[in-house]
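Have a look at the structure below before the remarks.
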Amino acid sequence: MEDMIRVQGLAKRYDDFALEDVTFSVPAGTVVGLVGSNGAGKTTTLKAILGLVRPDGGTVKLLGCNPENAKDIDKVKARVGVVLDTCAFPDANRVADVGILGRAAYAAWEDKRFKALCDEFGLEPRKFVKDLSRGMGMKLTLAFALSHNPDLLILDEATAGLDPMARDEVLDILRCFMEDEGHAILLSTHITSDLEKIADEVICIDDGRIVFDVPKDAICDEAGIAHCRAVDVEILAASGIANELRMLQRGMSTDVLVPDRFAFACSYPGISTDRASIEDYMALTLKGESLGQPSHLQNMLKEDQR
Amino acid sequence: MKAMVFSDLITSKGSALALLGITALVAVFISIPTGTLYGAIGACAAMIPFIYLFTICAYDELNGWERYRLTLPISRRQVVYGRYASMLIICACSLVLAVALGLAIGLVAELLPESIVPDGLRLSNIGVGEVVGTALLTQVVILLVATLTLPFIMRYGMTKATRIAPMLLIFVISGGMVLLSNTPIAVHAEAFLGGLEMWGMVLLAAVIVVVVLGLYALSALIAAHLYEHREL
């Protein structure tokens, strides 16, 4: 499948933060979710993809072109719909003005589609951008991003500020968008439950580096969280799979991330194992520690003895 | 570039009516105490593009608009050239409005009794040529202001540029005044201007406009180069 976005060894350094060796791709027909804590480097990555910042290293290909200096970047950007984390249109604009701007900017702009989306989202044409709530502002940006028939959507916190019903509406629209196999979405979000509903691949960035890049099904369908007592942890630590497992102390029990919960349940039927969410997977990967490290086990045993 | 010009003009249309009303009021209130049309014409010709320039540039930084704008099919060069073009359009509109307002006040003054209207407000005492000349000269000054400030605004953004641009303007204006006043250049220029006939003045005005437009275009090239390297 053709890669709509290809990021190879991307590096960007600021005084207090550095993005290092970020490599991933967004093939056509897939929804890729970008997760990570605040300041992890998600927005910097998106900015580099959109040509808003100049990378210090590595390459970025957006629909096959370098977004920084491609001669036909206009044509490339005409195929991309973008929603950033705020409604960026000038406050003095009305909703209808945003449609006029879209008509002037995009050759493939569909006025009917924009009006239909505005109707669907409850956006009144005469309303000023400054009078829209955050959620309504995000809906306006989404309507704008979808009204020029893009092939690729780049969304940065697009569902932030929306109520659960509106989020579901937006996810339905994104699902419709993905019915065309030539389309793709790169979606950066803190709302991991949205990714569970729509993503094919999940990439986690932390401190400027990719921590994991796995299919969503490997997290939600295969991985699991084992709730272990100290004695269970001891057994797992002594097992041959200890290096594959990550653990995190939570209250009285210890959560252990297991890559295959069905195989794990067969091997350890006495340990209660649940389905892992993306949030669990992230928490255990970012905050958790490897079960194979003896120092952690010793600490736990000491705690247990006390 | 079309999208950028559209964007700027759409954004400013909301405040256009209010701005026109304020300008008309200021023009009338300046012309009555000063007793001449020059103040009214100058106020109209200067206020609209001046306020437009700083308002539209301020909107760039609001809500991250200038960052989002670059995700549209508009290149950085087009953003800069579009901004310069929209400023030029507003200057041209202000020129027409200032001339129209000057003529309107002058004509109304003609209709009123001599005892209540100063001579300087009457069109018969000033002439259409002077009305146009005043508006044009004001536009030239405003375009020079834009020529000097826009590269800074495009490079650093409005917030940072407002710390640098006024200082630069004061330096240029005061430096120019010091250099020109009481020097042989000023004496020669005064003699030269005094000796010009009607067509000479028109030719001189045309030369000034062409030179200022040339500087404005050069400023656009510099601003585009600076904006290409700006990180948003």
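Chain identifiers are assigned as A, B, and so on, following the order in which chains appear in the structure tokens; residues are numbered from 1 within each chain, and ligands are numbered from 1 in order of appearance.
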Return as CSV the residues of chain B lying at most 9 Å from chain A, together with the closest atom-to-atom pair for each and the distance in Å to one decimal, counting only C-alpha atoms, with rows in chain order and ascending residue number.
residue,atom,partner,partner_atom,distance
B:Met1,CA,A:Ala105,CA,8.8
B:Lys2,CA,A:Ala104,CA,6.7
B:Ala3,CA,A:Ala105,CA,4.8
B:Met4,CA,A:Ala105,CA,8.0
B:Phe6,CA,A:Leu101,CA,6.6
B:Ser7,CA,A:Leu101,CA,6.0
B:Ile10,CA,A:Asp97,CA,6.7
B:Thr11,CA,A:Asn93,CA,5.6
B:Ser12,CA,A:Ala92,CA,7.4
B:Lys13,CA,A:Ala92,CA,8.4
B:Gly14,CA,A:Ala92,CA,6.2
B:Ser15,CA,A:Ala92,CA,8.0
B:Tyr59,CA,A:Pro90,CA,6.0
B:Asp60,CA,A:Pro90,CA,7.7
B:Leu62,CA,A:Pro90,CA,6.9
B:Asn63,CA,A:Ala88,CA,4.9
B:Gly64,CA,A:Ala88,CA,5.5
B:Trp65,CA,A:Ala88,CA,4.7
B:Glu66,CA,A:Ala88,CA,8.3
B:Arg67,CA,A:Leu52,CA,7.1
B:Tyr68,CA,A:Ala88,CA,6.3
B:Arg69,CA,A:Ala88,CA,8.4
B:Leu70,CA,A:Leu52,CA,7.3
B:Thr71,CA,A:Lys77,CA,6.5
B:Leu72,CA,A:Lys77,CA,6.1
B:Pro73,CA,A:Asp74,CA,4.3
B:Ile74,CA,A:Asp74,CA,5.9
B:Ser75,CA,A:Asp74,CA,6.6
B:His229,CA,A:Arg54,CA,8.3
B:Arg230,CA,A:Val53,CA,8.0
B:Glu231,CA,A:Val53,CA,5.0
B:Leu232,CA,A:Leu52,CA,5.6
File of the preceding selection, N, CA and C atoms, as a tab-separated table (two decimals), in the first residue's frame:
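What ended up in selection_7.tsv:
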chain	number	residue	atom	x	y	z
B	1	MET	N	-2.32	32.90	-3.73
B	1	MET	CA	-2.35	34.27	-3.22
B	1	MET	C	-3.78	34.80	-3.10
B	2	LYS	N	-4.62	34.30	-4.03
B	2	LYS	CA	-6.03	34.75	-4.01
B	2	LYS	C	-6.68	34.42	-2.66
B	3	ALA	N	-6.38	33.20	-2.18
B	3	ALA	CA	-6.98	32.78	-0.91
B	3	ALA	C	-6.54	33.69	0.23
B	4	MET	N	-5.27	34.08	0.19
B	4	MET	CA	-4.73	34.93	1.26
B	4	MET	C	-5.39	36.32	1.22
B	6	PHE	N	-8.29	37.01	-0.07
B	6	PHE	CA	-9.68	36.79	0.36
B	6	PHE	C	-9.77	36.73	1.88
B	7	SER	N	-8.85	35.93	2.45
B	7	SER	CA	-8.85	35.74	3.89
B	7	SER	C	-8.71	37.08	4.62
B	10	ILE	N	-11.92	39.24	4.01
B	10	ILE	CA	-13.09	38.71	4.74
B	10	ILE	C	-12.96	39.04	6.23
B	11	THR	N	-11.75	38.86	6.74
B	11	THR	CA	-11.53	39.11	8.17
B	11	THR	C	-11.76	40.58	8.52
B	12	SER	N	-11.39	41.46	7.61
B	12	SER	CA	-11.52	42.89	7.94
B	12	SER	C	-12.90	43.45	7.63
B	13	LYS	N	-13.70	42.70	6.89
B	13	LYS	CA	-15.00	43.28	6.49
B	13	LYS	C	-15.92	43.52	7.69
B	14	GLY	N	-15.78	42.71	8.72
B	14	GLY	CA	-16.63	42.86	9.90
B	14	GLY	C	-16.47	44.21	10.57
B	15	SER	N	-15.23	44.69	10.59
B	15	SER	CA	-14.98	45.97	11.27
B	15	SER	C	-14.98	47.15	10.31
B	59	TYR	N	-4.53	39.62	14.04
B	59	TYR	CA	-5.35	38.40	13.90
B	59	TYR	C	-4.50	37.18	13.58
B	60	ASP	N	-3.35	37.39	12.94
B	60	ASP	CA	-2.48	36.26	12.58
B	60	ASP	C	-2.10	35.45	13.82
B	62	LEU	N	-3.69	35.35	16.68
B	62	LEU	CA	-4.81	34.92	17.51
B	62	LEU	C	-5.22	33.48	17.16
B	63	ASN	N	-5.34	32.64	18.14
B	63	ASN	CA	-5.79	31.24	17.98
B	63	ASN	C	-4.89	30.40	17.05
B	64	GLY	N	-3.69	30.88	16.80
B	64	GLY	CA	-2.79	30.12	15.92
B	64	GLY	C	-3.21	30.16	14.47
B	65	TRP	N	-3.85	31.24	14.05
B	65	TRP	CA	-4.34	31.34	12.66
B	65	TRP	C	-3.20	31.25	11.65
B	66	GLU	N	-2.06	31.94	11.92
B	66	GLU	CA	-0.99	31.93	10.92
B	66	GLU	C	-0.40	30.53	10.76
B	67	ARG	N	-0.47	29.72	11.80
B	67	ARG	CA	0.02	28.34	11.71
B	67	ARG	C	-0.97	27.51	10.88
B	68	TYR	N	-2.27	27.67	11.19
B	68	TYR	CA	-3.27	26.88	10.47
B	68	TYR	C	-3.34	27.29	9.00
B	69	ARG	N	-3.15	28.59	8.76
B	69	ARG	CA	-3.22	29.11	7.39
B	69	ARG	C	-2.21	28.40	6.49
B	70	LEU	N	-1.07	28.04	7.06
B	70	LEU	CA	-0.04	27.37	6.25
B	70	LEU	C	-0.38	25.91	5.97
B	71	THR	N	-1.43	25.39	6.56
B	71	THR	CA	-1.85	24.03	6.21
B	71	THR	C	-2.79	24.05	5.00
B	72	LEU	N	-3.25	25.24	4.62
B	72	LEU	CA	-4.07	25.38	3.41
B	72	LEU	C	-3.13	25.35	2.19
B	73	PRO	N	-3.70	25.18	1.00
B	73	PRO	CA	-2.81	25.16	-0.17
B	73	PRO	C	-2.27	26.55	-0.50
B	74	ILE	N	-1.56	27.13	0.44
B	74	ILE	CA	-0.96	28.46	0.26
B	74	ILE	C	0.50	28.33	0.69
B	75	SER	N	1.41	28.76	-0.17
B	75	SER	CA	2.82	28.70	0.22
B	75	SER	C	3.15	29.91	1.09
B	229	HIS	N	11.82	31.37	6.48
B	229	HIS	CA	12.67	30.76	7.51
B	229	HIS	C	12.06	30.83	8.90
B	230	ARG	N	10.82	31.30	8.97
B	230	ARG	CA	10.20	31.42	10.30
B	230	ARG	C	9.58	30.10	10.71
B	231	GLU	N	9.77	29.73	11.96
B	231	GLU	CA	9.16	28.50	12.48
B	231	GLU	C	7.88	28.86	13.20
B	232	LEU	N	6.81	28.14	12.91
B	232	LEU	CA	5.51	28.50	13.49
B	232	LEU	C	5.01	27.42	14.43
For range 139-144 of chain B: contacts at 7 Å, only C-alpha atoms, fewer than 6 positions along chain excluded, given as an mmCIF file with C-alpha atoms, in the first residue's frame:
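Everything below was put into selection_8.cif:
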data_model
loop_
_atom_site.group_PDB
_atom_site.id
_atom_site.type_symbol
_atom_site.label_atom_id
_atom_site.label_comp_id
_atom_site.auth_asym_id
_atom_site.auth_seq_id
_atom_site.Cartn_x
_atom_site.Cartn_y
_atom_site.Cartn_z
ATOM 1 C CA ALA B 45 -6.480 58.349 3.884
ATOM 2 C CA ALA B 46 -4.234 57.419 6.811
ATOM 3 C CA PHE B 50 -3.045 52.133 9.229
ATOM 4 C CA CYS B 91 -4.700 51.792 0.421
ATOM 5 C CA LEU B 95 -7.426 56.897 -1.476
ATOM 6 C CA VAL B 209 4.387 56.762 -6.389
ATOM 7 C CA VAL B 212 7.413 54.005 -3.262
#
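One finds CA of Thr189 in chain A at 24.6 Å from CA of Met247 in chain A.
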Close residues, Gly9 in chain A itself excluded, 6 Å, only C-alpha atoms, min 2 positions apart in chain, as a VMD selection string
chain A and resid 21 to 23 58
Inset, instruction - For range 218-220 of chain B, please output as a list of chain:residue names all residues within 7 Å (counting only C-alpha atoms; exclusion window: fewer than 6 positions along the same chain). - result: B:Val80, B:Tyr81, B:Tyr84, B:Thr147, B:Pro151
Create the file for the chosen residues now, containing C-alpha atoms and written as an mmCIF file, in the first residue's frame.
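Below is the file again_15.cif, written as the result:
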data_model
loop_
_atom_site.group_PDB
_atom_site.id
_atom_site.type_symbol
_atom_site.label_atom_id
_atom_site.label_comp_id
_atom_site.auth_asym_id
_atom_site.auth_seq_id
_atom_site.Cartn_x
_atom_site.Cartn_y
_atom_site.Cartn_z
ATOM 1 C CA VAL B 80 3.431 37.366 2.259
ATOM 2 C CA TYR B 81 2.518 38.547 -1.226
ATOM 3 C CA TYR B 84 1.104 43.037 0.696
ATOM 4 C CA THR B 147 7.270 48.950 3.684
ATOM 5 C CA PRO B 151 9.132 42.573 7.049
#
